file my_file.txt (compact mmCIF, C-alpha atoms)
# COMPACT_ATOMS: atom_id res chain seq x y z
CA MET A 1 -26.16 8.25 23.00
CA ASP A 2 -28.76 6.47 20.89
CA SER A 3 -29.03 8.17 17.49
CA THR A 4 -31.77 5.87 16.14
CA ALA A 5 -34.56 7.87 14.53
CA THR A 6 -37.85 7.80 16.45
CA ASN A 7 -41.32 9.23 15.88
CA VAL A 8 -41.03 8.90 12.13
CA VAL A 9 -43.82 7.73 9.83
CA TRP A 10 -43.49 6.71 6.18
CA HIS A 11 -45.40 9.12 3.95
CA GLU A 12 -47.25 7.41 1.10
CA PRO A 13 -46.84 9.40 -2.15
CA THR A 14 -49.50 9.97 -4.77
CA VAL A 15 -46.90 9.48 -7.54
CA THR A 16 -46.25 5.78 -7.11
CA ARG A 17 -43.63 3.46 -8.54
CA GLN A 18 -46.29 1.93 -10.77
CA ARG A 19 -47.22 5.33 -12.21
CA ARG A 20 -43.55 6.07 -12.88
CA ALA A 21 -43.20 2.72 -14.68
CA GLU A 22 -46.17 3.57 -16.88
CA LYS A 23 -44.64 6.94 -17.73
CA ASN A 24 -41.16 5.51 -18.34
CA GLY A 25 -42.27 2.52 -20.38
CA HIS A 26 -40.21 0.12 -18.25
CA ARG A 27 -40.08 -1.29 -14.74
CA SER A 28 -37.44 -0.27 -12.25
CA ALA A 29 -34.99 -2.81 -10.87
CA ILE A 30 -31.68 -3.07 -9.05
CA LEU A 31 -28.80 -4.60 -11.00
CA TRP A 32 -26.20 -5.46 -8.38
CA PHE A 33 -22.77 -6.11 -9.90
CA THR A 34 -20.35 -7.87 -7.55
CA GLY A 35 -16.86 -9.24 -8.06
CA LEU A 36 -13.20 -8.72 -7.32
CA SER A 37 -11.43 -5.48 -8.09
CA GLY A 38 -10.42 -5.66 -11.74
CA ALA A 39 -13.23 -8.04 -12.66
CA GLY A 40 -14.88 -5.39 -14.84
CA LYS A 41 -17.85 -4.36 -12.69
CA SER A 42 -17.71 -0.62 -13.32
CA THR A 43 -16.80 -0.98 -16.99
CA ILE A 44 -19.71 -3.32 -17.67
CA ALA A 45 -22.11 -1.36 -15.47
CA HIS A 46 -21.50 1.86 -17.41
CA ALA A 47 -21.68 0.03 -20.74
CA VAL A 48 -25.03 -1.44 -19.70
CA GLU A 49 -26.24 2.00 -18.69
CA GLU A 50 -25.21 3.42 -22.07
CA SER A 51 -27.13 0.65 -23.85
CA LEU A 52 -30.22 1.23 -21.71
CA TYR A 53 -29.96 4.99 -22.18
CA GLN A 54 -29.98 4.48 -25.94
CA LEU A 55 -33.21 2.52 -25.46
CA GLY A 56 -34.76 5.47 -23.64
CA CYS A 57 -34.59 3.98 -20.13
CA ASP A 58 -34.16 5.95 -16.91
CA THR A 59 -30.95 4.67 -15.31
CA TYR A 60 -28.29 5.52 -12.75
CA VAL A 61 -25.00 3.86 -11.81
CA LEU A 62 -23.95 3.74 -8.18
CA ASP A 63 -20.21 3.20 -8.44
CA GLY A 64 -18.03 2.18 -5.50
CA ASP A 65 -15.35 4.86 -5.83
CA ASN A 66 -17.84 7.62 -6.64
CA VAL A 67 -20.03 6.88 -3.62
CA ARG A 68 -17.00 6.94 -1.33
CA HIS A 69 -16.34 10.52 -2.43
CA GLY A 70 -19.53 11.65 -0.70
CA LEU A 71 -22.19 9.48 0.90
CA CYS A 72 -19.67 6.99 2.28
CA GLY A 73 -16.66 9.29 2.49
CA ASP A 74 -16.50 8.77 6.24
CA LEU A 75 -15.98 5.00 5.94
CA GLY A 76 -12.79 2.99 5.74
CA PHE A 77 -12.29 -0.60 4.61
CA SER A 78 -12.62 -2.59 7.80
CA ASP A 79 -15.22 -5.36 7.75
CA GLU A 80 -17.51 -3.16 9.83
CA ASP A 81 -17.14 -0.19 7.48
CA ARG A 82 -17.69 -2.43 4.46
CA ASN A 83 -20.91 -3.65 6.08
CA GLU A 84 -22.08 -0.09 6.63
CA ASN A 85 -21.04 0.94 3.12
CA ILE A 86 -23.22 -1.74 1.54
CA ARG A 87 -26.07 -1.05 3.99
CA ARG A 88 -26.17 2.57 2.84
CA ILE A 89 -25.95 1.59 -0.82
CA GLY A 90 -28.76 -0.90 -0.39
CA GLU A 91 -31.00 1.73 1.17
CA MET A 92 -30.16 4.26 -1.54
CA ALA A 93 -30.76 1.70 -4.30
CA LYS A 94 -34.16 1.00 -2.75
CA LEU A 95 -35.06 4.70 -3.02
CA PHE A 96 -33.91 4.80 -6.65
CA LEU A 97 -36.02 1.70 -7.29
CA ASP A 98 -39.09 3.49 -5.93
CA ALA A 99 -38.21 6.49 -8.13
CA GLY A 100 -38.67 4.27 -11.19
CA VAL A 101 -34.98 4.06 -12.09
CA ILE A 102 -33.07 1.01 -13.30
CA THR A 103 -30.39 1.24 -10.65
CA ILE A 104 -27.00 -0.26 -11.47
CA SER A 105 -24.81 -0.91 -8.43
CA ALA A 106 -21.10 -1.70 -8.99
CA PHE A 107 -19.38 -2.67 -5.75
CA ILE A 108 -17.03 -5.44 -4.71
CA SER A 109 -19.54 -6.11 -1.89
CA PRO A 110 -17.45 -9.09 -0.76
CA PHE A 111 -19.77 -10.59 1.86
CA ARG A 112 -22.86 -12.66 1.04
CA ALA A 113 -24.67 -11.50 4.17
CA ASP A 114 -24.40 -7.86 3.10
CA ARG A 115 -25.61 -8.59 -0.44
CA ASN A 116 -28.47 -10.70 0.91
CA ARG A 117 -29.43 -7.89 3.28
CA ALA A 118 -29.64 -5.50 0.32
CA ARG A 119 -31.75 -8.05 -1.57
CA GLU A 120 -34.14 -8.41 1.35
CA LEU A 121 -34.88 -4.67 1.34
CA VAL A 122 -36.95 -5.03 -1.83
CA ALA A 123 -39.58 -7.33 -3.26
CA GLU A 124 -38.69 -10.60 -4.95
CA GLY A 125 -37.64 -10.00 -8.54
CA ASP A 126 -36.49 -6.41 -7.96
CA PHE A 127 -32.90 -7.35 -7.07
CA LEU A 128 -30.83 -8.95 -9.82
CA GLU A 129 -27.38 -10.05 -8.70
CA VAL A 130 -24.76 -10.13 -11.46
CA HIS A 131 -21.53 -11.90 -10.56
CA CYS A 132 -18.56 -10.63 -12.56
CA HIS A 133 -16.45 -13.74 -12.18
CA CYS A 134 -12.76 -13.42 -12.93
CA PRO A 135 -9.86 -15.43 -11.47
CA LEU A 136 -7.73 -13.49 -9.01
CA GLU A 137 -4.62 -13.99 -11.11
CA VAL A 138 -6.34 -12.36 -14.10
CA CYS A 139 -7.57 -9.44 -11.99
CA GLU A 140 -4.03 -8.93 -10.73
CA THR A 141 -2.66 -8.70 -14.27
CA ARG A 142 -5.18 -5.95 -14.99
CA ASP A 143 -4.71 -4.08 -11.68
CA PRO A 144 -5.89 -0.72 -13.15
CA LYS A 145 -5.18 1.20 -9.93
CA GLY A 146 -2.04 -0.67 -8.87
CA LEU A 147 -3.78 -1.75 -5.67
CA TYR A 148 -3.06 -5.47 -5.89
CA LYS A 149 0.64 -4.71 -6.17
CA LYS A 150 0.46 -2.53 -3.07
CA ALA A 151 -1.56 -5.18 -1.21
CA ARG A 152 0.99 -7.87 -2.09
CA ALA A 153 3.70 -5.57 -0.76
CA GLY A 154 1.82 -5.16 2.51
CA LEU A 155 1.05 -1.50 1.89
CA ILE A 156 -2.72 -2.03 1.93
CA LYS A 157 -4.33 -4.02 4.71
CA GLY A 158 -7.61 -5.90 4.37
CA TYR A 159 -7.58 -5.88 0.58
CA THR A 160 -10.24 -8.14 -0.92
CA GLY A 161 -8.77 -11.24 -2.54
CA ILE A 162 -5.41 -10.82 -0.82
CA SER A 163 -5.82 -10.34 2.92
CA SER A 164 -9.61 -10.20 3.08
CA SER A 165 -12.00 -12.79 1.69
CA TYR A 166 -14.43 -12.50 -1.20
CA GLU A 167 -17.52 -14.70 -0.90
CA GLU A 168 -18.81 -15.57 -4.35
CA PRO A 169 -22.58 -15.51 -4.92
CA GLU A 170 -24.13 -18.96 -4.64
CA ASN A 171 -27.16 -18.33 -6.86
CA PRO A 172 -26.78 -15.08 -8.79
CA GLU A 173 -29.35 -14.16 -11.40
CA LEU A 174 -26.47 -13.90 -13.87
CA LYS A 175 -22.82 -14.96 -13.89
CA LEU A 176 -20.45 -13.33 -16.35
CA ASP A 177 -17.02 -14.85 -16.90
CA THR A 178 -15.23 -11.60 -17.60
CA SER A 179 -11.92 -13.38 -18.17
CA ILE A 180 -13.20 -14.70 -21.50
CA MET A 181 -16.29 -12.63 -22.37
CA SER A 182 -16.04 -9.32 -24.21
CA ILE A 183 -17.73 -6.21 -22.85
CA ASP A 184 -20.30 -6.41 -25.65
CA GLN A 185 -21.09 -10.03 -24.77
CA CYS A 186 -21.52 -9.11 -21.11
CA VAL A 187 -23.80 -6.19 -21.95
CA GLU A 188 -25.89 -8.38 -24.25
CA SER A 189 -26.30 -10.94 -21.46
CA VAL A 190 -27.43 -8.29 -18.98
CA ILE A 191 -29.88 -6.71 -21.42
CA SER A 192 -31.30 -10.18 -22.17
CA LEU A 193 -31.75 -10.79 -18.45
CA LEU A 194 -33.69 -7.54 -18.07
CA ALA A 195 -35.89 -8.43 -21.02
CA GLN A 196 -36.51 -11.95 -19.72
CA ARG A 197 -37.53 -10.54 -16.34
CA GLY A 198 -39.90 -8.05 -17.93
CA VAL A 199 -38.00 -5.00 -16.75
CA ILE A 200 -37.52 -3.52 -20.21
CA GLU A 201 -40.04 -5.51 -22.26
CA ASN A 202 -41.77 -2.28 -23.28
CA ALA A 203 -38.59 -0.38 -24.04
CA ALA A 204 -38.16 0.62 -27.68
CA GLY A 205 -36.37 -2.01 -29.69
CA VAL A 206 -36.39 -4.69 -27.00
CA GLN A 207 -38.63 -7.72 -27.07
CA SER A 208 -39.14 -9.91 -24.05
CA THR A 209 -37.98 -13.51 -24.47
CA GLY A 210 -39.65 -14.63 -21.30

call {"tool": "encode", "arguments": {"input": "my_file.txt", "output": "structure tokens"}}
result
Amino acid sequence: MDSTATNVVWHEPTVTRQRRAEKNGHRSAILWFTGLSGAGKSTIAHAVEESLYQLGCDTYVLDGDNVRHGLCGDLGFSDEDRNENIRRIGEMAKLFLDAGVITISAFISPFRADRNRARELVAEGDFLEVHCHCPLEVCETRDPKGLYKKARAGLIKGYTGISSSYEEPENPELKLDTSIMSIDQCVESVISLLAQRGVIENAAGVQSTG
């Protein structure tokens, strides 16, 4: 049975993204953090959100584990389910973007095709890919959830970096080497990127360098 929606028409709102930006004092954008488990995606994403919140920005973090408690709770970790997981996140991030929110996505999102598909949902300049680069051996020493150890023991199948591949971004807007950079340094780099791109150039206390 075909469940594809038919006879639907997009309704144009009177409260537009531009009007929301004028009210908020900043543009909306999607910050897409990608990297291996243990690379620091969620930690940095929430630290960036805290910094932006202090500047008076409207923000929201879409975190991998949190989303799988609800919206994507019906998905597993096969390649097909990972594809669908990122498809849903991309569509949700697009809605948040239209709502005027600086949307911070923190997902392993291991496949380039899936990340590129999310990028293509929005206009050029709205999707900022941030690669949290960290060698696998360093991520394994961190292993906050003990998942690498289980994967090495064969208890978890299809684990990214062990039995499933991670495809690094080829041209991310920002690359953070989280094996040597502090959280504060990473946050500063992300905030600078947003200022350079004019996302937060009107936010209190931030001057655009672009």

call {"tool": "residues_around", "arguments": {"input": "my_file.txt", "residues": "stretch 113-126 of chain A", "least_positions_apart": "3", "cutoff": "7 Å", "atoms": "all atoms listed in the file", "output": "PyMOL selection string"}}
result
chain A and resi 29-30+83+86-87+90+94+109

call {"tool": "closest_residue", "arguments": {"input": "my_file.txt", "among": "A:Lys145, A:Thr160, A:Asp177, A:Arg197", "to": "A:Arg82", "atoms": "only C-alpha atoms"}}
result
A:Thr160

call {"tool": "closest_residue", "arguments": {"input": "my_file.txt", "among": "A:Ala39, A:Glu49, A:Gln54, A:Gly158", "to": "A:Leu136", "atoms": "all atoms listed in the file"}}
result
A:Ala39

call {"tool": "closest_atom_pairs", "arguments": {"input": "my_file.txt", "of": "stretch 100-147 of chain A", "to": "stretch 180-183 of chain A", "cutoff": "12 Å", "atoms": "only C-alpha atoms", "output": "Markdown table"}}
result
| residue | atom | partner | partner_atom | distance |
| --- | --- | --- | --- | --- |
| A:Cys132 | CA | A:Met181 | CA | 10.3 |
| A:His133 | CA | A:Ile180 | CA | 9.9 |
| A:Cys134 | CA | A:Ile180 | CA | 8.7 |
| A:Pro135 | CA | A:Ile180 | CA | 10.6 |
| A:Val138 | CA | A:Ile180 | CA | 10.4 |

call {"tool": "closest_residue", "arguments": {"input": "my_file.txt", "among": "A:Glu201, A:Asp79, A:Glu188, A:Asp63", "to": "A:Leu174", "atoms": "only C-alpha atoms"}}
result
A:Glu188

call {"tool": "closest_residue", "arguments": {"input": "my_file.txt", "among": "A:Ser78, A:Ser37, A:Thr59, A:Thr16", "to": "A:Lys157", "atoms": "only C-alpha atoms"}}
result
A:Ser78

call {"tool": "atom_distance", "arguments": {"input": "my_file.txt", "atom1": "atom CA of A:Ala45", "atom2": "atom CA of A:Val61"}}
result
7.0 Å

call {"tool": "closest_atom_pairs", "arguments": {"input": "my_file.txt", "of": "stretch 22-93 of chain A", "to": "stretch 164-168 of chain A", "cutoff": "9 Å", "atoms": "only C-alpha atoms", "output": "Markdown table"}}
result
| residue | atom | partner | partner_atom | distance |
| --- | --- | --- | --- | --- |
| A:Thr34 | CA | A:Glu168 | CA | 8.5 |
| A:Gly35 | CA | A:Glu168 | CA | 7.6 |
| A:Leu36 | CA | A:Tyr166 | CA | 7.3 |
| A:Asp79 | CA | A:Ser164 | CA | 8.8 |

call {"tool": "write_last_selection", "arguments": {"input": "my_file.txt", "atoms": "C-alpha atoms", "output": "mmCIF file, keeping the file's coordinate frame"}}
result
data_model
loop_
_atom_site.group_PDB
_atom_site.id
_atom_site.type_symbol
_atom_site.label_atom_id
_atom_site.label_comp_id
_atom_site.auth_asym_id
_atom_site.auth_seq_id
_atom_site.Cartn_x
_atom_site.Cartn_y
_atom_site.Cartn_z
ATOM 1 C CA THR A 34 -20.350 -7.870 -7.550
ATOM 2 C CA GLY A 35 -16.860 -9.240 -8.060
ATOM 3 C CA LEU A 36 -13.200 -8.720 -7.320
ATOM 4 C CA ASP A 79 -15.220 -5.360 7.750
#

call {"tool": "closest_residue", "arguments": {"input": "my_file.txt", "among": "A:Gly25, A:Leu62, A:Ile104, A:Ala151", "to": "A:Val48", "atoms": "only C-alpha atoms"}}
result
A:Ile104

call {"tool": "closest_residue", "arguments": {"input": "my_file.txt", "among": "A:Ile89, A:Ala99, A:Leu55, A:Phe33", "to": "A:Pro13", "atoms": "only C-alpha atoms"}}
result
A:Ala99

call {"tool": "residues_near_point", "arguments": {"input": "my_file.txt", "point": "(-27.0, -7.0, -19.7)", "cutoff": "10 Å", "atoms": "all atoms listed in the file", "output": "PDB file with C-alpha atoms, keeping the file's coordinate frame"}}
result
ATOM      1  CA  LEU A  31     -28.800  -4.600 -11.000  1.00  0.00           C
ATOM      2  CA  ILE A  44     -19.710  -3.320 -17.670  1.00  0.00           C
ATOM      3  CA  ALA A  45     -22.110  -1.360 -15.470  1.00  0.00           C
ATOM      4  CA  ALA A  47     -21.680   0.030 -20.740  1.00  0.00           C
ATOM      5  CA  VAL A  48     -25.030  -1.440 -19.700  1.00  0.00           C
ATOM      6  CA  GLU A  49     -26.240   2.000 -18.690  1.00  0.00           C
ATOM      7  CA  SER A  51     -27.130   0.650 -23.850  1.00  0.00           C
ATOM      8  CA  LEU A  52     -30.220   1.230 -21.710  1.00  0.00           C
ATOM      9  CA  VAL A 130     -24.760 -10.130 -11.460  1.00  0.00           C
ATOM     10  CA  LEU A 174     -26.470 -13.900 -13.870  1.00  0.00           C
ATOM     11  CA  LEU A 176     -20.450 -13.330 -16.350  1.00  0.00           C
ATOM     12  CA  ILE A 183     -17.730  -6.210 -22.850  1.00  0.00           C
ATOM     13  CA  ASP A 184     -20.300  -6.410 -25.650  1.00  0.00           C
ATOM     14  CA  GLN A 185     -21.090 -10.030 -24.770  1.00  0.00           C
ATOM     15  CA  CYS A 186     -21.520  -9.110 -21.110  1.00  0.00           C
ATOM     16  CA  VAL A 187     -23.800  -6.190 -21.950  1.00  0.00           C
ATOM     17  CA  GLU A 188     -25.890  -8.380 -24.250  1.00  0.00           C
ATOM     18  CA  SER A 189     -26.300 -10.940 -21.460  1.00  0.00           C
ATOM     19  CA  VAL A 190     -27.430  -8.290 -18.980  1.00  0.00           C
ATOM     20  CA  ILE A 191     -29.880  -6.710 -21.420  1.00  0.00           C
ATOM     21  CA  SER A 192     -31.300 -10.180 -22.170  1.00  0.00           C
ATOM     22  CA  LEU A 193     -31.750 -10.790 -18.450  1.00  0.00           C
ATOM     23  CA  LEU A 194     -33.690  -7.540 -18.070  1.00  0.00           C
ATOM     24  CA  ALA A 195     -35.890  -8.430 -21.020  1.00  0.00           C
TER      25      ALA A 195
END
